$ cat protein-v4.tsv   # TSV, C-alpha atoms and all ligand atoms
chain	number	residue	atom	x	y	z
A	1	MET	CA	-16.80	-27.67	71.80
A	2	THR	CA	-20.24	-28.08	70.34
A	3	GLY	CA	-21.41	-30.67	67.85
A	4	ASN	CA	-21.45	-27.90	65.24
A	5	LYS	CA	-17.75	-27.77	64.71
A	6	PRO	CA	-16.64	-26.72	61.23
A	7	HIS	CA	-15.71	-29.58	58.96
A	8	VAL	CA	-12.22	-30.11	57.50
A	9	TRP	CA	-11.91	-32.56	54.62
A	10	VAL	CA	-8.50	-34.10	53.95
A	11	SER	CA	-8.33	-35.48	50.42
A	12	ARG	CA	-5.67	-38.14	50.99
A	13	PRO	CA	-4.06	-40.24	53.70
A	14	THR	CA	-1.45	-38.21	55.59
A	15	PHE	CA	-0.23	-38.50	59.19
A	16	PRO	CA	-3.14	-39.01	61.61
A	17	ASP	CA	-1.22	-37.72	64.64
A	18	VAL	CA	-0.50	-34.43	62.81
A	19	ILE	CA	-4.05	-34.07	61.52
A	20	ALA	CA	-5.31	-34.76	65.08
A	21	ARG	CA	-4.24	-31.22	66.04
A	22	LEU	CA	-7.37	-30.06	64.22
A	23	GLU	CA	-9.71	-32.19	66.29
A	24	PRO	CA	-10.31	-29.88	69.27
A	25	TYR	CA	-11.80	-27.31	66.89
A	26	PHE	CA	-13.03	-29.20	63.83
A	27	ARG	CA	-14.83	-32.30	62.69
A	28	VAL	CA	-12.23	-33.94	60.49
A	29	SER	CA	-12.81	-36.45	57.73
A	30	ALA	CA	-9.71	-37.80	56.05
A	31	GLU	CA	-9.88	-40.04	53.00
A	32	PRO	CA	-8.48	-43.44	54.02
A	33	VAL	CA	-7.00	-44.29	50.60
A	34	GLU	CA	-5.38	-42.36	47.74
A	35	GLN	CA	-7.86	-41.76	44.97
A	36	VAL	CA	-8.33	-39.52	41.98
A	37	PHE	CA	-11.59	-37.59	42.24
A	38	THR	CA	-13.63	-36.62	39.24
A	39	PRO	CA	-14.46	-32.91	39.11
A	40	ALA	CA	-18.01	-33.79	40.26
A	41	GLU	CA	-16.75	-35.87	43.21
A	42	LEU	CA	-14.39	-33.11	44.18
A	43	ALA	CA	-17.16	-30.51	43.96
A	44	ALA	CA	-19.42	-32.67	46.16
A	45	ARG	CA	-16.74	-33.01	48.83
A	46	LEU	CA	-15.90	-29.29	48.76
A	47	ALA	CA	-19.59	-28.44	49.07
A	48	ASP	CA	-19.68	-30.29	52.37
A	49	CYS	CA	-16.73	-28.73	54.21
A	50	ASP	CA	-15.47	-25.47	55.71
A	51	ALA	CA	-11.82	-26.14	54.90
A	52	ALA	CA	-10.04	-28.65	52.70
A	53	ILE	CA	-6.51	-29.98	52.87
A	54	VAL	CA	-5.73	-31.22	49.37
A	55	GLY	CA	-2.92	-32.58	47.25
A	56	LEU	CA	-1.59	-31.55	43.87
A	57	LYS	CA	-3.83	-34.02	42.03
A	58	GLU	CA	-6.91	-32.11	43.20
A	59	ARG	CA	-7.49	-29.49	40.52
A	60	ILE	CA	-9.75	-26.83	42.00
A	61	GLY	CA	-11.28	-23.97	40.04
A	62	ALA	CA	-14.51	-22.04	39.69
A	63	ALA	CA	-16.60	-25.11	38.79
A	64	GLU	CA	-15.37	-27.13	41.76
A	65	VAL	CA	-16.15	-24.37	44.29
A	66	ALA	CA	-19.38	-23.14	42.69
A	67	GLY	CA	-21.49	-25.06	45.20
A	68	ALA	CA	-19.06	-24.77	48.12
A	69	GLY	CA	-20.95	-22.13	50.07
A	70	ARG	CA	-19.22	-22.85	53.40
A	71	LEU	CA	-15.70	-23.38	52.12
A	72	ARG	CA	-13.28	-20.81	53.58
A	73	MET	CA	-9.92	-22.37	52.92
A	74	VAL	CA	-8.03	-24.72	50.62
A	75	ALA	CA	-4.67	-25.72	52.11
A	76	ASN	CA	-2.46	-27.26	49.44
A	77	LEU	CA	0.01	-30.00	50.36
A	78	GLY	CA	2.75	-28.70	48.09
A	79	VAL	CA	4.80	-25.60	47.41
A	80	GLY	CA	3.54	-25.36	43.83
A	81	PHE	CA	-0.11	-24.48	43.42
A	82	ASP	CA	-0.76	-24.71	39.70
A	83	ASN	CA	-3.56	-27.15	40.62
A	84	LEU	CA	-5.48	-24.22	42.15
A	85	ASP	CA	-7.18	-21.51	40.14
A	86	LEU	CA	-6.19	-18.75	42.53
A	87	PRO	CA	-8.24	-15.96	40.92
A	88	ALA	CA	-11.35	-18.21	41.07
A	89	LEU	CA	-10.76	-19.03	44.73
A	90	THR	CA	-10.12	-15.37	45.54
A	91	ALA	CA	-13.30	-14.32	43.74
A	92	ALA	CA	-15.20	-16.85	45.85
A	93	GLY	CA	-13.61	-15.50	49.06
A	94	ILE	CA	-11.75	-18.77	49.65
A	95	ALA	CA	-8.26	-18.51	51.14
A	96	ALA	CA	-5.50	-20.72	49.76
A	97	SER	CA	-2.17	-21.72	51.27
A	98	ASN	CA	0.85	-23.79	50.24
A	99	THR	CA	3.74	-25.49	52.03
A	100	ALA	CA	6.64	-23.28	51.02
A	101	ASP	CA	10.06	-23.65	52.59
A	102	VAL	CA	9.67	-26.82	54.66
A	103	LEU	CA	10.55	-28.95	51.62
A	104	ASN	CA	13.52	-26.96	50.26
A	105	GLU	CA	16.28	-29.21	51.59
A	106	SER	CA	14.59	-32.51	50.71
A	107	VAL	CA	13.90	-31.39	47.16
A	108	ALA	CA	17.46	-30.08	46.83
A	109	ASP	CA	18.82	-33.45	48.02
A	110	TYR	CA	16.63	-35.21	45.51
A	111	ALA	CA	17.78	-32.99	42.64
A	112	TRP	CA	21.32	-34.11	43.46
A	113	ALA	CA	20.20	-37.74	43.67
A	114	LEU	CA	18.82	-37.40	40.13
A	115	MET	CA	21.93	-35.61	38.85
A	116	LEU	CA	24.20	-38.29	40.25
A	117	GLY	CA	21.86	-41.07	39.17
A	118	ALA	CA	21.77	-39.80	35.59
A	119	ALA	CA	25.52	-39.08	35.45
A	120	ARG	CA	26.42	-42.56	36.75
A	121	ARG	CA	23.58	-44.45	34.99
A	122	VAL	CA	22.29	-45.86	38.28
A	123	GLY	CA	18.78	-46.72	37.04
A	124	ALA	CA	19.92	-48.47	33.87
A	125	ALA	CA	22.65	-50.38	35.73
A	126	GLU	CA	20.18	-51.65	38.29
A	127	ARG	CA	17.70	-52.73	35.62
A	128	TRP	CA	20.52	-54.61	33.87
A	129	LEU	CA	21.63	-56.34	37.07
A	130	ARG	CA	18.09	-57.34	38.04
A	131	ALA	CA	17.60	-58.75	34.54
A	132	GLY	CA	20.40	-61.24	35.35
A	133	GLN	CA	22.82	-59.81	32.81
A	134	TRP	CA	25.79	-59.38	35.17
A	135	LEU	CA	28.26	-62.08	34.18
A	136	SER	CA	31.46	-60.17	34.82
A	137	THR	CA	32.36	-56.58	35.60
A	138	GLU	CA	33.81	-54.97	32.52
A	139	PHE	CA	36.55	-52.43	33.14
A	140	ILE	CA	35.23	-50.19	30.42
A	141	GLY	CA	31.54	-50.99	30.96
A	142	TRP	CA	29.00	-48.64	32.52
A	143	LEU	CA	31.16	-45.57	32.12
A	144	GLY	CA	29.46	-42.45	33.38
A	145	ALA	CA	30.34	-38.79	33.69
A	146	ASP	CA	32.12	-36.96	36.51
A	147	LEU	CA	30.50	-33.95	38.14
A	148	ARG	CA	33.63	-32.20	39.40
A	149	GLY	CA	34.57	-29.17	37.34
A	150	ARG	CA	31.44	-29.30	35.21
A	151	ASN	CA	28.91	-26.46	35.14
A	152	LEU	CA	25.74	-26.74	37.17
A	153	GLY	CA	23.00	-24.61	35.63
A	154	ILE	CA	19.87	-23.79	37.61
A	155	LEU	CA	16.81	-22.37	35.90
A	156	GLY	CA	14.56	-20.83	38.57
A	157	MET	CA	16.52	-19.61	41.57
A	158	GLY	CA	13.98	-19.47	44.39
A	159	ARG	CA	14.64	-21.06	47.74
A	160	ILE	CA	14.91	-24.60	46.35
A	161	GLY	CA	17.27	-23.51	43.58
A	162	GLN	CA	19.44	-21.78	46.18
A	163	ALA	CA	19.53	-24.93	48.33
A	164	ILE	CA	20.65	-26.93	45.27
A	165	ALA	CA	23.37	-24.36	44.54
A	166	ARG	CA	24.78	-24.45	48.09
A	167	ARG	CA	25.45	-28.18	47.76
A	168	ALA	CA	27.61	-27.64	44.65
A	169	VAL	CA	30.68	-26.58	46.65
A	170	GLY	CA	31.22	-30.14	47.84
A	171	PHE	CA	30.98	-31.46	44.30
A	172	GLY	CA	33.39	-28.85	42.93
A	173	MET	CA	30.91	-27.50	40.39
A	174	PRO	CA	30.68	-23.86	39.29
A	175	VAL	CA	27.04	-22.70	39.46
A	176	LEU	CA	25.29	-20.55	36.87
A	177	TYR	CA	21.67	-19.55	37.23
A	178	HIS	CA	18.90	-17.73	35.48
A	179	ASN	CA	15.81	-16.39	37.20
A	180	ARG	CA	13.04	-13.88	36.48
A	181	SER	CA	14.87	-11.49	38.78
A	182	ARG	CA	18.51	-11.48	39.74
A	183	LEU	CA	19.31	-12.37	43.37
A	184	PRO	CA	20.93	-9.82	45.69
A	185	GLU	CA	24.71	-9.95	45.46
A	186	ALA	CA	25.09	-11.26	49.00
A	187	THR	CA	22.78	-14.21	48.22
A	188	GLU	CA	24.65	-14.94	44.99
A	189	ARG	CA	27.90	-14.97	46.96
A	190	GLU	CA	26.49	-17.19	49.67
A	191	CYS	CA	25.18	-19.67	47.05
A	192	GLY	CA	28.34	-19.37	44.96
A	193	ALA	CA	26.14	-18.74	41.93
A	194	SER	CA	26.58	-16.41	38.95
A	195	TYR	CA	23.65	-14.87	37.08
A	196	VAL	CA	23.54	-15.38	33.30
A	197	ASP	CA	20.84	-14.94	30.67
A	198	LYS	CA	18.79	-17.94	29.67
A	199	ASP	CA	20.60	-18.57	26.37
A	200	HIS	CA	23.97	-18.49	28.09
A	201	LEU	CA	22.67	-20.89	30.75
A	202	LEU	CA	21.37	-23.35	28.15
A	203	ALA	CA	24.62	-23.25	26.19
A	204	SER	CA	26.94	-23.53	29.22
A	205	ALA	CA	25.26	-25.98	31.56
A	206	ASP	CA	26.62	-29.52	31.78
A	207	PHE	CA	23.81	-30.27	34.23
A	208	LEU	CA	20.67	-28.15	33.93
A	209	VAL	CA	18.24	-28.37	36.85
A	210	LEU	CA	14.75	-26.91	36.49
A	211	VAL	CA	13.13	-25.44	39.59
A	212	LEU	CA	10.50	-23.13	38.11
A	213	PRO	CA	6.84	-22.88	39.07
A	214	LEU	CA	4.47	-23.87	36.26
A	215	THR	CA	2.64	-20.83	34.93
A	216	PRO	CA	1.37	-19.94	31.45
A	217	GLN	CA	4.73	-18.15	30.96
A	218	THR	CA	6.89	-21.14	31.94
A	219	ARG	CA	4.97	-23.82	29.99
A	220	HIS	CA	7.51	-25.47	27.67
A	221	ALA	CA	10.26	-23.15	28.95
A	222	VAL	CA	12.46	-26.02	27.76
A	223	GLY	CA	11.21	-27.09	24.35
A	224	ALA	CA	12.83	-28.07	21.05
A	225	ALA	CA	14.52	-24.67	20.56
A	226	GLU	CA	16.00	-24.61	24.07
A	227	LEU	CA	17.15	-28.24	23.86
A	228	ALA	CA	18.90	-27.41	20.59
A	229	ARG	CA	21.00	-24.82	22.42
A	230	MET	CA	22.22	-27.33	25.02
A	231	LYS	CA	25.48	-29.28	24.81
A	232	PRO	CA	25.06	-32.84	23.50
A	233	GLU	CA	26.86	-34.12	26.63
A	234	ALA	CA	24.52	-32.24	28.99
A	235	VAL	CA	22.08	-33.77	31.49
A	236	LEU	CA	18.64	-32.26	32.13
A	237	VAL	CA	16.97	-32.66	35.54
A	238	ASN	CA	13.36	-31.65	36.24
A	239	VAL	CA	12.19	-31.57	39.87
A	240	ALA	CA	9.74	-28.72	39.25
A	241	ARG	CA	6.61	-29.51	37.24
A	242	GLY	CA	5.60	-31.46	34.22
A	243	GLY	CA	4.76	-29.09	31.40
A	244	ILE	CA	7.84	-26.93	31.93
A	245	VAL	CA	9.62	-29.36	29.58
A	246	ASP	CA	8.16	-30.42	26.26
A	247	ASP	CA	8.43	-34.16	26.93
A	248	VAL	CA	8.09	-35.15	23.25
A	249	ALA	CA	10.89	-32.78	22.21
A	250	LEU	CA	13.01	-34.05	25.11
A	251	ALA	CA	12.52	-37.69	24.15
A	252	ALA	CA	13.55	-36.87	20.57
A	253	ALA	CA	16.71	-35.07	21.75
A	254	LEU	CA	17.65	-38.00	24.01
A	255	ARG	CA	16.93	-40.58	21.33
A	256	GLU	CA	18.95	-38.73	18.70
A	257	GLY	CA	21.96	-38.13	20.97
A	258	ARG	CA	21.47	-34.37	21.05
A	259	LEU	CA	21.34	-34.58	24.86
A	260	ALA	CA	23.23	-37.16	26.91
A	261	ALA	CA	20.68	-37.94	29.60
A	262	ALA	CA	17.76	-36.69	31.65
A	263	ALA	CA	16.35	-37.38	35.08
A	264	LEU	CA	12.72	-36.51	35.60
A	265	ASP	CA	10.54	-36.53	38.69
A	266	VAL	CA	7.62	-34.77	36.98
A	267	PHE	CA	5.83	-35.21	33.66
A	268	GLU	CA	3.32	-33.56	31.38
A	269	GLY	CA	-0.04	-35.16	32.15
A	270	GLU	CA	1.29	-37.26	35.05
A	271	PRO	CA	0.70	-39.90	36.31
A	272	ARG	CA	0.94	-40.80	32.62
A	273	VAL	CA	4.51	-40.83	31.31
A	274	HIS	CA	5.00	-40.31	27.60
A	275	PRO	CA	5.80	-43.69	25.98
A	276	ASP	CA	8.72	-42.12	24.09
A	277	LEU	CA	10.40	-41.44	27.44
A	278	LEU	CA	9.61	-44.90	28.78
A	279	ALA	CA	11.34	-46.41	25.77
A	280	LEU	CA	14.70	-44.75	26.51
A	281	GLU	CA	17.56	-46.05	28.66
A	282	ASN	CA	19.24	-42.66	29.10
A	283	VAL	CA	16.43	-41.16	31.17
A	284	MET	CA	15.89	-41.80	34.86
A	285	LEU	CA	12.26	-41.56	35.95
A	286	SER	CA	10.58	-41.22	39.34
A	287	PRO	CA	6.96	-40.67	40.38
A	288	HIS	CA	6.97	-37.06	41.66
A	289	ILE	CA	8.65	-37.83	44.99
A	290	ALA	CA	11.25	-35.09	45.40
A	291	SER	CA	9.81	-33.93	48.74
A	292	ALA	CA	8.94	-37.43	49.93
A	293	THR	CA	10.86	-37.94	53.15
A	294	THR	CA	9.07	-38.75	56.37
A	295	GLY	CA	10.27	-35.56	58.04
A	296	THR	CA	9.32	-33.31	55.14
A	297	ARG	CA	5.95	-34.85	54.40
A	298	ARG	CA	5.10	-34.58	58.12
A	299	ALA	CA	6.25	-30.95	58.12
A	300	MET	CA	4.13	-30.22	55.03
A	301	THR	CA	1.09	-31.75	56.73
A	302	ALA	CA	1.78	-29.74	59.89
A	303	LEU	CA	2.03	-26.53	57.88
A	304	ALA	CA	-1.29	-27.18	56.15
A	305	VAL	CA	-2.84	-27.80	59.59
A	306	ASP	CA	-1.27	-24.57	60.94
A	307	ASN	CA	-2.73	-22.61	58.05
A	308	VAL	CA	-6.25	-23.98	58.63
A	309	LEU	CA	-6.00	-23.39	62.38
A	310	ALA	CA	-4.80	-19.82	61.81
A	311	LEU	CA	-7.54	-18.96	59.34
A	312	PHE	CA	-10.16	-20.05	61.85
A	313	GLY	CA	-8.50	-18.01	64.63
A	314	HIS	CA	-6.60	-20.72	66.49
A	315	GLY	CA	-2.95	-21.25	67.38
A	316	PRO	CA	0.01	-18.87	67.47
A	317	ASP	CA	-0.76	-17.45	63.99
A	318	ALA	CA	-4.47	-16.87	64.74
A	319	GLY	CA	-5.96	-14.75	61.97
A	320	ARG	CA	-2.73	-14.78	59.93
A	321	PRO	CA	-2.28	-18.02	57.97
A	322	PRO	CA	1.50	-18.15	57.51
A	323	ASN	CA	1.40	-19.34	53.90
A	324	LEU	CA	-1.57	-17.40	52.61
A	325	LEU	CA	-1.39	-17.13	48.81
A	326	ASN	CA	-4.34	-14.82	48.21
A	327	PRO	CA	-4.79	-12.17	50.93
A	328	ASP	CA	-7.52	-10.58	48.79
A	329	ALA	CA	-9.71	-13.60	49.50
A	330	LEU	CA	-9.87	-12.60	53.16
A	331	ALA	CA	-10.88	-9.07	52.24
A	332	ARG	CA	-13.63	-10.47	50.02
A	333	ALA	CA	-14.77	-12.73	52.84
A	334	GLY	CA	-14.82	-9.74	55.20
A	335	VAL	CA	-11.69	-10.72	57.14
A	336	PRO	CA	-8.94	-8.09	57.30
A	337	SER	CA	-5.86	-9.19	55.37
A	338	GLN	CA	-2.83	-9.33	57.69
A	339	THR	CA	-0.15	-11.21	55.88
A	340	HIS	CA	1.18	-11.86	52.46
A	341	GLN	CA	3.80	-14.45	51.70
A	342	GLU	CA	5.90	-14.12	48.60
A	343	VAL	CA	6.20	-17.28	46.56
A	344	THR	CA	9.07	-17.69	44.16
B	401	LIG	C1	5.67	-30.69	44.78
B	401	LIG	O1	5.73	-30.84	43.61
B	401	LIG	C2	5.32	-29.45	45.41
B	401	LIG	O2	4.92	-28.49	44.73
B	401	LIG	O3	5.43	-29.37	46.63
$ encode --input "protein-v4.tsv" --output "structure tokens" --more "lines below"
Ligand code: GLV
Amino acid sequence: MTGNKPHVWVSRPTFPDVIARLEPYFRVSAEPVEQVFTPAELAARLADCDAAIVGLKERIGAAEVAGAGRLRMVANLGVGFDNLDLPALTAAGIAASNTADVLNESVADYAWALMLGAARRVGAAERWLRAGQWLSTEFIGWLGADLRGRNLGILGMGRIGQAIARRAVGFGMPVLYHNRSRLPEATERECGASYVDKDHLLASADFLVLVLPLTPQTRHAVGAAELARMKPEAVLVNVARGGIVDDVALAAALREGRLAAAALDVFEGEPRVHPDLLALENVMLSPHIASATTGTRRAMTALAVDNVLALFGHGPDAGRPPNLLNPDALARAGVPSQTHQEVT
């Protein structure tokens, strides 16, 4: 290959051996440490590359790509892509991809970890033990809630929601779900899940797990009004996106005993966490890590690499990035559009 290889910028440390698959075709520069770029820093980096592999903290819109004359692709390390202004990228002829599917099982496992953790007060119990407060084990101390026989509600029944539902058989939990569109009957049967309207879901769920993408329509899908419809003994779990829940309204409901507990992996305005949530014992908090297993984060990196390779005509998917989000961008850039992947 010549010295004029296209340049791929990787915005964060990932897995060098996976990224190395780009090296026969590209000059690769990968940031050696995690950092938060200002919009100007991001724009400067995008102006200097032909493709970018970025994380969810990189918010990319018209201003960030205005000077990125060579940029042909933004490959997002995440299934959600609310950090990308897709219409702006499409208008600029820049393809975008995500990492759908490879993280379904890890995120589903983590949703269950949060459900169990909140039901059995794992976080609070550990804090108490570490604070040296364990003098004897009280028979009626640290009582939690059982899962068996209680209703699991899932709001947003894409592939991750379905993976969460499948696990419910082992826990003996009936599954109710609500989604923009109802699943085919065979899928409902296979997941053991029954479709209900949103109000019914809110009123019936003992555990309500949110797995919606963040869009203008889903912002505050669970706010004060929705929380008021939930059972006071219910547990709310968010593994989707901050902003889907109104965190201030949630903290008030938890504080006032209108909701038993919550477990949250995502927050409005993260990495900041609202101080009202930090002040509560009946909420379990984690730093947006639902897909963070070695296998899944490697698979996500590999998928981003595959999408870049494909866009530039390399590898088994040459010309057809498998996770292309905006086929119209290729048409605008003069490349025939060959694939379209549905994202739920
Ligand atoms: C994580 O939040 C993702 O969208 O993959």
$ closest_residue --input "protein-v4.tsv" --among "A:Asp276, A:Glu226, A:Glu105, A:Glu41" --to "Leu259 in chain A" --atoms "all atoms listed in the file"
A:Glu226
$ residues_near_ligand --input "protein-v4.tsv" --ligand "ligand LIG 401 (chain B)" --cutoff "9 Å" --atoms "all atoms listed in the file" --output "list in words"
Gly55, Leu56, Asn76, Leu77, Gly78, Val79, Gly80, Phe81, Asp82, Asn98, Thr99, Ala100, Leu103, Val107, Pro213, Val239, Ala240, Arg241, Asp265, Val266, His288, Ile289, Ala290, Ser291 and Met300 of chain A
$ atom_distance --input "protein-v4.tsv" --atom1 "CA of Asp50 in chain A" --atom2 "CA of Pro16 in chain A"
19.2 Å
$ atom_distance --input "protein-v4.tsv" --atom1 "CA of Glu190 in chain A" --atom2 "CA of Gly156 in chain A"
16.7 Å
$ closest_residue --input "protein-v4.tsv" --among "A:Ala119, A:Gly141, A:Ile160, A:Thr187" --to "Ala260 in chain A" --atoms "all atoms listed in the file"
A:Ala119
$ atom_distance --input "protein-v4.tsv" --atom1 "CA of Pro275 in chain A" --atom2 "CA of Asp247 in chain A"
9.9 Å
$ residues_around --input "protein-v4.tsv" --residues "Asn151 in chain A" --least-positions-apart "6" --cutoff "12 Å" --atoms "all atoms listed in the file" --output "ChimeraX atom specification"
/A:165,168-169,171-177,193-194,200-209,231,233-235
$ closest_residue --input "protein-v4.tsv" --among "A:Glu64, A:Asp317, A:Asp48, A:Asp197" --to "His178 in chain A" --atoms "only C-alpha atoms"
A:Asp197
$ closest_residue --input "protein-v4.tsv" --among "A:Arg159, A:Lys198, A:Arg258, A:His220" --to "Val102 in chain A" --atoms "only C-alpha atoms"
A:Arg159
$ closest_residue --input "protein-v4.tsv" --among "A:Pro87, A:Gly61, A:Pro13, A:Gly132" --to "Val33 in chain A" --atoms "all atoms listed in the file"
A:Pro13
$ residues_near_point --input "protein-v4.tsv" --point "(-4.7, -32.7, 58.0)" --cutoff "12 Å" --atoms "only C-alpha atoms" --output "MDAnalysis selection string"
chainID A and resid 7:23 26:31 51:55 74:77 297:309
$ residues_near_point --input "protein-v4.tsv" --point "(-7.2, -14.1, 46.8)" --cutoff "8 Å" --atoms "all atoms listed in the file" --output "list of chain:residue names"
A:Leu86, A:Pro87, A:Leu89, A:Thr90, A:Ala91, A:Gly93, A:Ile94, A:Ala95, A:Ala96, A:Leu325, A:Asn326, A:Pro327, A:Asp328, A:Ala329, A:Leu330
$ residues_around --input "protein-v4.tsv" --residues "Arg255 in chain A" --least-positions-apart "2" --cutoff "12 Å" --atoms "all atoms listed in the file" --output "number ranges by chain"
A: 232, 248-253, 257-262, 276-283
$ closest_residue --input "protein-v4.tsv" --among "A:Gly161, A:Gly269, A:Pro32, A:Gly149" --to "Asp109 in chain A" --atoms "all atoms listed in the file"
A:Gly161
$ axis_aligned_box --input "protein-v4.tsv" --around "range 311-328 of chain A" --padding-each-side "4 Å" --output "AutoDock Vina command-line options"
--center_x -4.3 --center_y -15.9 --center_z 57.8 --size_x 19.7 --size_y 18.7 --size_z 27.3
$ residues_around --input "protein-v4.tsv" --residues "Phe37 in chain A" --least-positions-apart "2" --cutoff "10 Å" --atoms "all atoms listed in the file" --output "tab-separated table (two decimals) with C-alpha atoms, in the coordinates of the input"
chain	number	residue	atom	x	y	z
A	11	SER	CA	-8.33	-35.48	50.42
A	34	GLU	CA	-5.38	-42.36	47.74
A	35	GLN	CA	-7.86	-41.76	44.97
A	39	PRO	CA	-14.46	-32.91	39.11
A	40	ALA	CA	-18.01	-33.79	40.26
A	41	GLU	CA	-16.75	-35.87	43.21
A	42	LEU	CA	-14.39	-33.11	44.18
A	43	ALA	CA	-17.16	-30.51	43.96
A	45	ARG	CA	-16.74	-33.01	48.83
A	57	LYS	CA	-3.83	-34.02	42.03
A	58	GLU	CA	-6.91	-32.11	43.20
A	59	ARG	CA	-7.49	-29.49	40.52
